[in-house]
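Take a look at the structure below.
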Amino acid sequence: MNKRIVAVTACAAGIAHTYMAAESLEKAAKKTGYKIKVETQGSIGAENVLTETDIETADVVIIAADINIDLMRFSGKRVLSVKSIDAIKAPEALIKRAYDEAKVFGAKGTKVGKVTLGKTENNFVKHIMSGISYMTPMVIASGILLAIANIFAFQANELGQIVNWGFDTSTQMGFFMSKLFEVGQVGFKLMIPLFAAFVANSIADKPAIAPAMIGAYLVNDATYLGTQTGGGFLGAILVAFIVGYLVKGLKKIKWPKILQPLLAIMIIPLIATFAIMVIVTYLIGSPIAGLMDSLYSGLTTLNETFAGAPFIIGAIIGGMIGFDFGGPVNKTALIFGTAVYTDTVAKFGIANANFVPQTATQAAISVAPLGIWLASVLFKNKFTKNEKISASSAFGMGMVGVTEGAIPFAASNPVQMITASVAGSALAGGLASITGCKFYGGIGSPLGAVIGYIEQPVPFITWILCIFAGILVTALIIGFWRKPVSEEEEE
């Protein structure tokens with residue numbers, strides 16, 4: 001048996017129970033064949049201190065303590081916290097409990113009350129995010145190509161005034177940029193069918209890909225439907241789930257053995273494609289297209305009519321991004337932002353697309369982890385050594401647009417972190433929207449100003465300042481809320 005355990009024992013006085021608990025765990029581990037190392041945090045200080053290697057190689061961590069123990073160094077490990085008396089009275093049972101019940105500390109899925117941090121068990125959102133993950137590279141590539149080509153489409157007169165939009169195909173550069181623009185348009189036309197294909201694939205595997213892609217193309221083809229516009233992102237989602245569960249049902253049928261080699265490559269895709277064609281043509285196509293037309297036209301009118309609407313919408317979406325650090329609320333905001341952007345590009349073209357929701361999500365996505373790092377720099381006396389190390393890790397994750405870097409801190413101080421994160425993320429999302437920033441593609445962080453394409457009033461500066469305002473608010477809330485670290489905690 002090669003099972004490894006690390007443990008920390010501590011009692012209020014730091015005298016008797018600290019060492020009794022450690023001894024009990026060591027004897028029980030030896031008796032049952034486990035390898036264990038126990039760190040004691042008694043009145044004399046920490047003894048037999050756990051090293052990084054000890055922690056990394058351990059299966060589980062047992063915290064048998066009557067005082068608060070800094071858990072930051074155990075981020076990502078399975079941890080079970082109990083009172084010291086539990087280790088003294090029934091150490092063997094405690095070891096068994098640790099292997100059965102220990103939960104990963106600071107990982108995606110960490111539960112804080114009714115909030116799940118960084119993860120969602122909702123199958124609907126899982127399937128949607130699977131589709132988005134496959135679609136995102138196409139969104140980024142197509143968006144940047146369109147944005148670059150668009151720069152060359154504005155034609156000026158001799159005085160430098162913009163007089164026309166279009167490509168002068170009589171020149172080599174104009175011809176090339178016109179083709180680049182067409183390539184970007186092809187990408188945006190194909191990305192929604194691609195999205196639907198991989199949502200259906202997430203539900204029912206490969207036989208669902210072709211029918212879902214074809215169905216999503218049909219539901220977004222206004223000419224085929226005979227409508228003003230297509231069914232957009234919502235139509236694609238509906239098609240993907242219909243096809244996914246239809247294929248899943250077809251796979252459960254007990255087909256004759258002679259047909260089984262043909263099921264995945266011909267029979268099931270053929271039946272599902274025929275079925276979704278009928279459903280789109282006669283049932284859902286026109287109603288969904290009409291609904292999406294009204295929804296996005298209304299959203300655009302709202303932004304154009306009320307000066308403060310972009311800030312309010314951006315702040316709400318930004319706050320959602322900062323609420324649960326990659327959890328279901330965060331994912332819902334990302335899905336909504338992507339849907340509005342892709343659908344309005346398809347309907348109105350890149351020049352008139354609604355960028356507000358997607359821009360807000362990308363401005364807000366790095367605020368929480370970068371806010372934690374800045375707080376650890378500005379308020380050094382309020383962070384332990386381990387927390388400062390974790391804050392440095394959060395900085396790295398934040399700079400590449402990964403909100404989950406904030407999860408260990410949120411798990412330790414949920415009310416404080418969620419409040420600070422929502423406030424800062426909402427501000428960043430609102431400011432980026434009201435200043436007219438347009439996020440075409442790239443990294444959702446200050447680096448997005450360099451790695452990606454973002455249209456903004458003052459190149460580089462506007463985007464970075466909007467995000468930094470949110471980061472600063474988050475850092476100040478965390479810093480003023482936290483109490484200074486005592487000498488004992490620092491040790």
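In the structure tokens, chains take letters A, B, ... by order of appearance, with residues numbered from 1 within each chain and ligands from 1 in the order shown.
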
Hey, could you make a per-residue contact list for segment 168-216 of chain A against segment 323-340 of chain A with 12 Å as the cut-off, showing the nearest pair of atoms and its distance in Å to one decimal, counting only C-alpha atoms, sorted by chain and number, as a tab-separated table?
residue	atom	partner	partner_atom	distance
A:Phe188	CA	A:Ala339	CA	11.9
A:Met191	CA	A:Ala339	CA	11.1
A:Ile192	CA	A:Ala339	CA	9.3
A:Phe195	CA	A:Ala339	CA	10.8

Produce a file of the selected residues containing N, CA and C atoms, as a PDB file, in the first residue's frame.
ATOM      1  N   PHE A 188     -17.673  33.928 -40.006  1.00  0.00           N
ATOM      2  CA  PHE A 188     -18.848  34.254 -39.197  1.00  0.00           C
ATOM      3  C   PHE A 188     -20.090  33.507 -39.664  1.00  0.00           C
ATOM      4  N   MET A 191     -19.486  29.810 -38.203  1.00  0.00           N
ATOM      5  CA  MET A 191     -19.207  29.528 -36.791  1.00  0.00           C
ATOM      6  C   MET A 191     -20.446  29.092 -36.004  1.00  0.00           C
ATOM      7  N   ILE A 192     -21.628  29.564 -36.379  1.00  0.00           N
ATOM      8  CA  ILE A 192     -22.813  29.132 -35.641  1.00  0.00           C
ATOM      9  C   ILE A 192     -23.154  27.669 -35.955  1.00  0.00           C
ATOM     10  N   PHE A 195     -20.689  25.711 -33.972  1.00  0.00           N
ATOM     11  CA  PHE A 195     -21.096  25.707 -32.565  1.00  0.00           C
ATOM     12  C   PHE A 195     -22.165  24.643 -32.317  1.00  0.00           C
TER      13      PHE A 195
END

Name the residues of segment 388-446 of chain A that fall into strand (DSSP E) according to DSSP on the backbone, using the chain letters and numbers of this document, as a PyMOL selection string. chain A and resi 438-442

Mind checking which residues fall within 6 Å of segment 474-485 of chain A, counting only C-alpha atoms, ignoring those fewer than 2 positions away in the same chain, and posting them as a PyMOL selection string? chain A and resi 371-372+374-375+379+381-382+420-421+424+471-472

Have a look at A:Gly436, A:Gly448, A:Gly231, A:Gly314 and name the one nearest to Ala289 of chain A; count only C-alpha atoms. A:Gly231

Run DSSP on the backbone and tell me which residues of segment 9-159 of chain A come out as helix (DSSP H, G or I); list them as a ChimeraX atom specification. /A:16-32,52-57,72-74,84-89,91-101,123-151

Test item: residues at most 9 Å from Ala16 of chain A, only C-alpha atoms, excluding those fewer than 5 positions along its chain, as a PyMOL selection string: chain A and resi 11+21+42

Could you check which of A:Ile148, A:Ile317, A:Val280, A:Val38 is closest to Tyr224 of chain A, using only C-alpha atoms?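 Going through A:Ile148, A:Ile317, A:Val280, A:Val38 one by one, the smallest distance to Tyr224 of chain A is for A:Val280.
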
12 Å contact set for Val60 of chain A, only C-alpha atoms, chain neighbours under 4 positions out, as a PyMOL selection string: chain A and resi 3-8+34-37+54-56+74-81+94-105

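Between atom CA of Gln362 of chain A and atom CA of Gly232 of chain A lies a distance of 21.4 Å.
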
Which residues, written as a list in words, have at least one atom at most 12 Å from Gly249 of chain A, with only C-alpha atoms counted and residues fewer than 6 positions away on the same chain left out?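 Near Gly249 of chain A, the qualifying residues are Ile203, Ala204, Pro207, Ala208, Ile242, Val243, Ile268, Ile271 and Ala272 of chain A.
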
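Picture a line from atom CA of Glu455 of chain A to atom CA of Leu295 of chain A; it runs 24.9 Å.
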
Find the spatial neighbours of Met20 of chain A, counting only C-alpha atoms, within a cut-off of 12 Å - ignore same-chain residues fewer than 3 positions away - and output them as a compact mmCIF listing (two decimals) with all heavy atoms, in the first residue's frame.
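Saved to part-v6.txt:
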# COMPACT_ATOMS: atom_id res chain seq x y z
N THR A 9 -1.93 19.41 12.96
CA THR A 9 -2.69 19.36 14.21
C THR A 9 -2.41 20.62 15.03
O THR A 9 -1.30 21.13 15.05
CB THR A 9 -2.32 18.12 15.04
OG1 THR A 9 -0.94 18.18 15.39
CG2 THR A 9 -2.58 16.84 14.27
N ALA A 10 -3.44 21.10 15.69
CA ALA A 10 -3.31 22.30 16.52
C ALA A 10 -4.51 22.39 17.46
O ALA A 10 -5.62 22.04 17.07
CB ALA A 10 -3.22 23.55 15.65
N CYS A 11 -4.26 22.83 18.67
CA CYS A 11 -5.36 23.06 19.61
C CYS A 11 -5.28 24.50 20.10
O CYS A 11 -4.32 25.22 19.82
CB CYS A 11 -5.29 22.09 20.78
SG CYS A 11 -3.81 22.26 21.80
N GLY A 14 -2.29 24.97 22.30
CA GLY A 14 -1.04 24.60 21.64
C GLY A 14 -0.16 23.72 22.49
O GLY A 14 1.07 23.72 22.31
N ILE A 15 -0.74 22.97 23.41
CA ILE A 15 0.08 22.14 24.30
C ILE A 15 -0.28 20.67 24.15
O ILE A 15 0.31 19.96 23.34
CB ILE A 15 -0.08 22.60 25.77
CG1 ILE A 15 0.26 24.10 25.89
CG2 ILE A 15 0.82 21.80 26.69
CD1 ILE A 15 0.01 24.69 27.25
N ALA A 16 -1.28 20.21 24.87
CA ALA A 16 -1.54 18.77 24.94
C ALA A 16 -2.18 18.19 23.68
O ALA A 16 -1.61 17.29 23.04
CB ALA A 16 -2.42 18.49 26.16
N HIS A 17 -3.36 18.68 23.33
CA HIS A 17 -4.11 18.05 22.24
C HIS A 17 -3.39 18.12 20.91
O HIS A 17 -3.56 17.23 20.06
CB HIS A 17 -5.50 18.69 22.12
CG HIS A 17 -6.45 18.23 23.17
ND1 HIS A 17 -7.80 18.54 23.14
CD2 HIS A 17 -6.26 17.47 24.27
CE1 HIS A 17 -8.39 17.99 24.19
NE2 HIS A 17 -7.47 17.34 24.89
N GLU A 23 0.23 12.22 17.49
CA GLU A 23 0.66 10.86 17.85
C GLU A 23 -0.39 9.83 17.47
O GLU A 23 -0.06 8.76 16.95
CB GLU A 23 0.94 10.80 19.36
CG GLU A 23 1.55 9.47 19.80
CD GLU A 23 1.86 9.42 21.29
OE1 GLU A 23 1.52 10.40 22.00
OE2 GLU A 23 2.43 8.42 21.74
N SER A 24 -1.65 10.14 17.70
CA SER A 24 -2.73 9.20 17.36
C SER A 24 -2.77 8.94 15.86
O SER A 24 -2.92 7.79 15.41
CB SER A 24 -4.08 9.77 17.81
OG SER A 24 -4.13 9.87 19.21
N LEU A 25 -2.63 9.99 15.07
CA LEU A 25 -2.66 9.82 13.61
C LEU A 25 -1.47 9.02 13.12
O LEU A 25 -1.60 8.15 12.24
CB LEU A 25 -2.68 11.20 12.92
CG LEU A 25 -4.00 11.97 12.97
CD1 LEU A 25 -3.82 13.39 12.44
CD2 LEU A 25 -5.08 11.24 12.16
N GLU A 26 -0.32 9.26 13.70
CA GLU A 26 0.89 8.53 13.29
C GLU A 26 0.78 7.05 13.61
O GLU A 26 1.12 6.20 12.79
CB GLU A 26 2.12 9.14 13.96
CG GLU A 26 2.52 10.50 13.38
CD GLU A 26 3.52 11.23 14.24
OE1 GLU A 26 3.78 10.78 15.37
OE2 GLU A 26 4.05 12.27 13.79
N LYS A 27 0.26 6.72 14.80
CA LYS A 27 0.09 5.32 15.19
C LYS A 27 -0.94 4.63 14.31
O LYS A 27 -0.74 3.48 13.88
CB LYS A 27 -0.33 5.23 16.66
CG LYS A 27 0.79 5.53 17.65
CD LYS A 27 0.30 5.37 19.07
CE LYS A 27 1.43 5.61 20.08
NZ LYS A 27 0.94 5.48 21.48
N VAL A 38 3.02 14.55 9.90
CA VAL A 38 2.15 15.45 10.65
C VAL A 38 2.92 16.68 11.09
O VAL A 38 3.94 16.57 11.77
CB VAL A 38 1.54 14.75 11.88
CG1 VAL A 38 0.54 15.67 12.57
CG2 VAL A 38 0.87 13.43 11.50
N THR A 40 2.90 19.85 13.48
CA THR A 40 2.22 20.33 14.69
C THR A 40 2.40 21.83 14.81
O THR A 40 3.49 22.35 14.60
CB THR A 40 2.80 19.64 15.95
OG1 THR A 40 4.22 19.85 15.98
CG2 THR A 40 2.51 18.15 15.95
N GLY A 42 1.98 24.06 17.64
CA GLY A 42 1.77 24.22 19.08
C GLY A 42 2.26 25.57 19.58
O GLY A 42 2.58 26.47 18.79
N ALA A 64 -6.55 18.66 11.65
CA ALA A 64 -7.17 18.35 12.95
C ALA A 64 -6.84 19.50 13.88
O ALA A 64 -5.82 19.48 14.60
CB ALA A 64 -6.65 17.03 13.49
N ALA A 65 -7.66 20.54 13.87
CA ALA A 65 -7.29 21.78 14.57
C ALA A 65 -8.51 22.46 15.19
O ALA A 65 -9.62 22.37 14.67
CB ALA A 65 -6.60 22.73 13.60
N SER A 84 -9.41 18.69 16.76
CA SER A 84 -8.29 17.86 17.20
C SER A 84 -8.76 16.63 17.95
O SER A 84 -8.14 15.56 17.87
CB SER A 84 -7.35 18.68 18.09
OG SER A 84 -8.02 19.12 19.26
N ILE A 85 -9.87 16.74 18.66
CA ILE A 85 -10.38 15.62 19.45
C ILE A 85 -10.76 14.43 18.57
O ILE A 85 -10.69 13.28 18.97
CB ILE A 85 -11.57 16.06 20.33
CG1 ILE A 85 -11.89 15.00 21.38
CG2 ILE A 85 -12.78 16.38 19.49
CD1 ILE A 85 -10.82 14.83 22.43
N ASP A 86 -11.19 14.73 17.31
CA ASP A 86 -11.57 13.65 16.38
C ASP A 86 -10.36 12.78 16.05
O ASP A 86 -10.48 11.57 15.88
CB ASP A 86 -12.16 14.23 15.10
CG ASP A 86 -13.47 14.97 15.34
OD1 ASP A 86 -14.19 14.58 16.26
OD2 ASP A 86 -13.77 15.93 14.60
N ALA A 87 -9.19 13.40 15.95
CA ALA A 87 -7.97 12.64 15.66
C ALA A 87 -7.51 11.83 16.86
O ALA A 87 -6.92 10.76 16.72
CB ALA A 87 -6.86 13.59 15.22
N ILE A 88 -7.81 12.34 18.05
CA ILE A 88 -7.41 11.64 19.28
C ILE A 88 -8.31 10.44 19.54
O ILE A 88 -7.85 9.34 19.84
CB ILE A 88 -7.44 12.59 20.48
CG1 ILE A 88 -6.41 13.72 20.28
CG2 ILE A 88 -7.17 11.86 21.79
CD1 ILE A 88 -6.52 14.84 21.28
N LYS A 89 -9.61 10.62 19.39
CA LYS A 89 -10.58 9.58 19.74
C LYS A 89 -10.64 8.46 18.71
O LYS A 89 -10.70 7.28 19.07
CB LYS A 89 -11.97 10.20 19.87
CG LYS A 89 -12.17 10.98 21.17
CD LYS A 89 -13.63 11.41 21.30
CE LYS A 89 -13.91 12.04 22.65
NZ LYS A 89 -15.32 12.45 22.80
N ALA A 90 -10.68 8.81 17.41
CA ALA A 90 -10.87 7.77 16.40
C ALA A 90 -10.00 8.05 15.18
O ALA A 90 -10.49 8.39 14.11
CB ALA A 90 -12.34 7.70 15.99
N PRO A 91 -8.69 7.90 15.32
CA PRO A 91 -7.79 8.25 14.22
C PRO A 91 -7.93 7.37 12.98
O PRO A 91 -7.85 7.86 11.86
CB PRO A 91 -6.40 8.10 14.84
CG PRO A 91 -6.59 7.16 15.99
CD PRO A 91 -7.95 7.45 16.52

Just to confirm, what's the straight-line distance from atom CA of Val400 of chain A to atom CA of Ile443 of chain A in Å (one decimal)?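 These two atoms are separated by 6.2 Å.
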